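Only one structure is covered here, and it is reproduced in the block below.
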Amino acid sequence: MSEQEIREGMLLAVWDEPPLDFDPDALIRRVEQKKSRRRALVGVGVATAVIAVASFALPGLLPRDRDSQLGSETPASSSAPPSESAEKKAQRIGERLAETLGVRMTNFKEVYSDFRTVSTISSPNSPSGQRNAADDPDLHGYVHLTDGIGPTALRVTGGKLPYELDLCSGAVYCQSSTRSDGSVVTEAEYAEGAQEITRSVSVRKFKSGYVAQIQSFNYNPASGSGLRQTVPVRVGVLTELVTDSSINWE
């Protein structure tokens with residue numbers, strides 16, 4: 001081997017030696033730190049992927065309301081309450097009239113109602129002669145009462161009439177007034193040849209054409225008997241009954 005080759009070999013050996021401050025423990029720590037960072041990066045990537053998948057799946061799993069928001073605890077009900085039957089309506093009106101009359105006139109010993117719905121044919125003398133539909137029956141009933149003279153009743157009717165009522169003809173008292181809801185109330189009293197009032201009536205006609213009527217006679221209209229000198233209830237109380245705001249006539 002030549003001297004030149006020996007010199008080059010020695011130089012290469014010197015260059016390949018580690019530096020004098022070389023620390024094997026530090027090298028191992030750097031390797032471990034790189035592995036830890038690599039594992040942490042992998043863990044973050046997996047967690048990010050899981051969150052992304054959950055964010056896509058969550059809206060489809062949760063309920064929604066009609067405003068596309070998260071579903072509320074109690075779903076709204078869309079079903080409307082069932083309508084009141086004609087029989088129930090007649091009973092309700094009769095009970096309310098009896099209750100109001102008993103409070104208004106405390107001299108009555110007993111007050112109760114007997115109401116029903118009927119389908120009738122209008123008077124043959126009426127202009128139209130129309131028949132009421134079976135599914136739109138008239139309201140008909142009595143508010144029975146007992147005073148110091150004996151038992152009698154008020155007659156109550158309701159429905160759409162095919163003719164106009166002529167209340168003022170032959171009346172000793174007749175007056176009409178318009179209520180706040182647009183209905184017209186007409187009250188009248190008749191003597192019919194007697195010195196005392198023999199019939200009192202209060203009629204309320206609504207804008208729809210529905211007519212509610214309450215009458216008081218000098219006899220019992222429910223039985224046709226029990227004649228007395230005058231009516232048991234005058235027109236002022238009848239008007240209070242027919243305009244009672246708690247009664248839905250229509």
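How things are named: the first chain in the structure tokens is A, the next is B, and so on; residues count from 1 in each chain; ligands count from 1 in the order shown.
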Margin query: List as a list in words the protein and nucleic acid residues near region 238-247 of chain A, meaning an atom at most 9 Å away when only C-alpha atoms are counted, but skip any in the same chain fewer than 4 places from it.
Written below: Arg92, Ile93, Arg96, Leu97, Thr100, Leu101, Arg179, Val185, Thr186, Glu187, Ser200, Val201, Ser202, Val203, Arg204, Ala212, Gln213, Ile214, Gln215, Ser216, Val233 and Arg234 of chain A
Notebook entry, point to check: Which of these, A:Thr106, A:Thr230, A:Ser183, A:Gln175, has the shortest distance to Glu196 (chain A) once you count only C-alpha atoms?
Noted result: A:Thr230
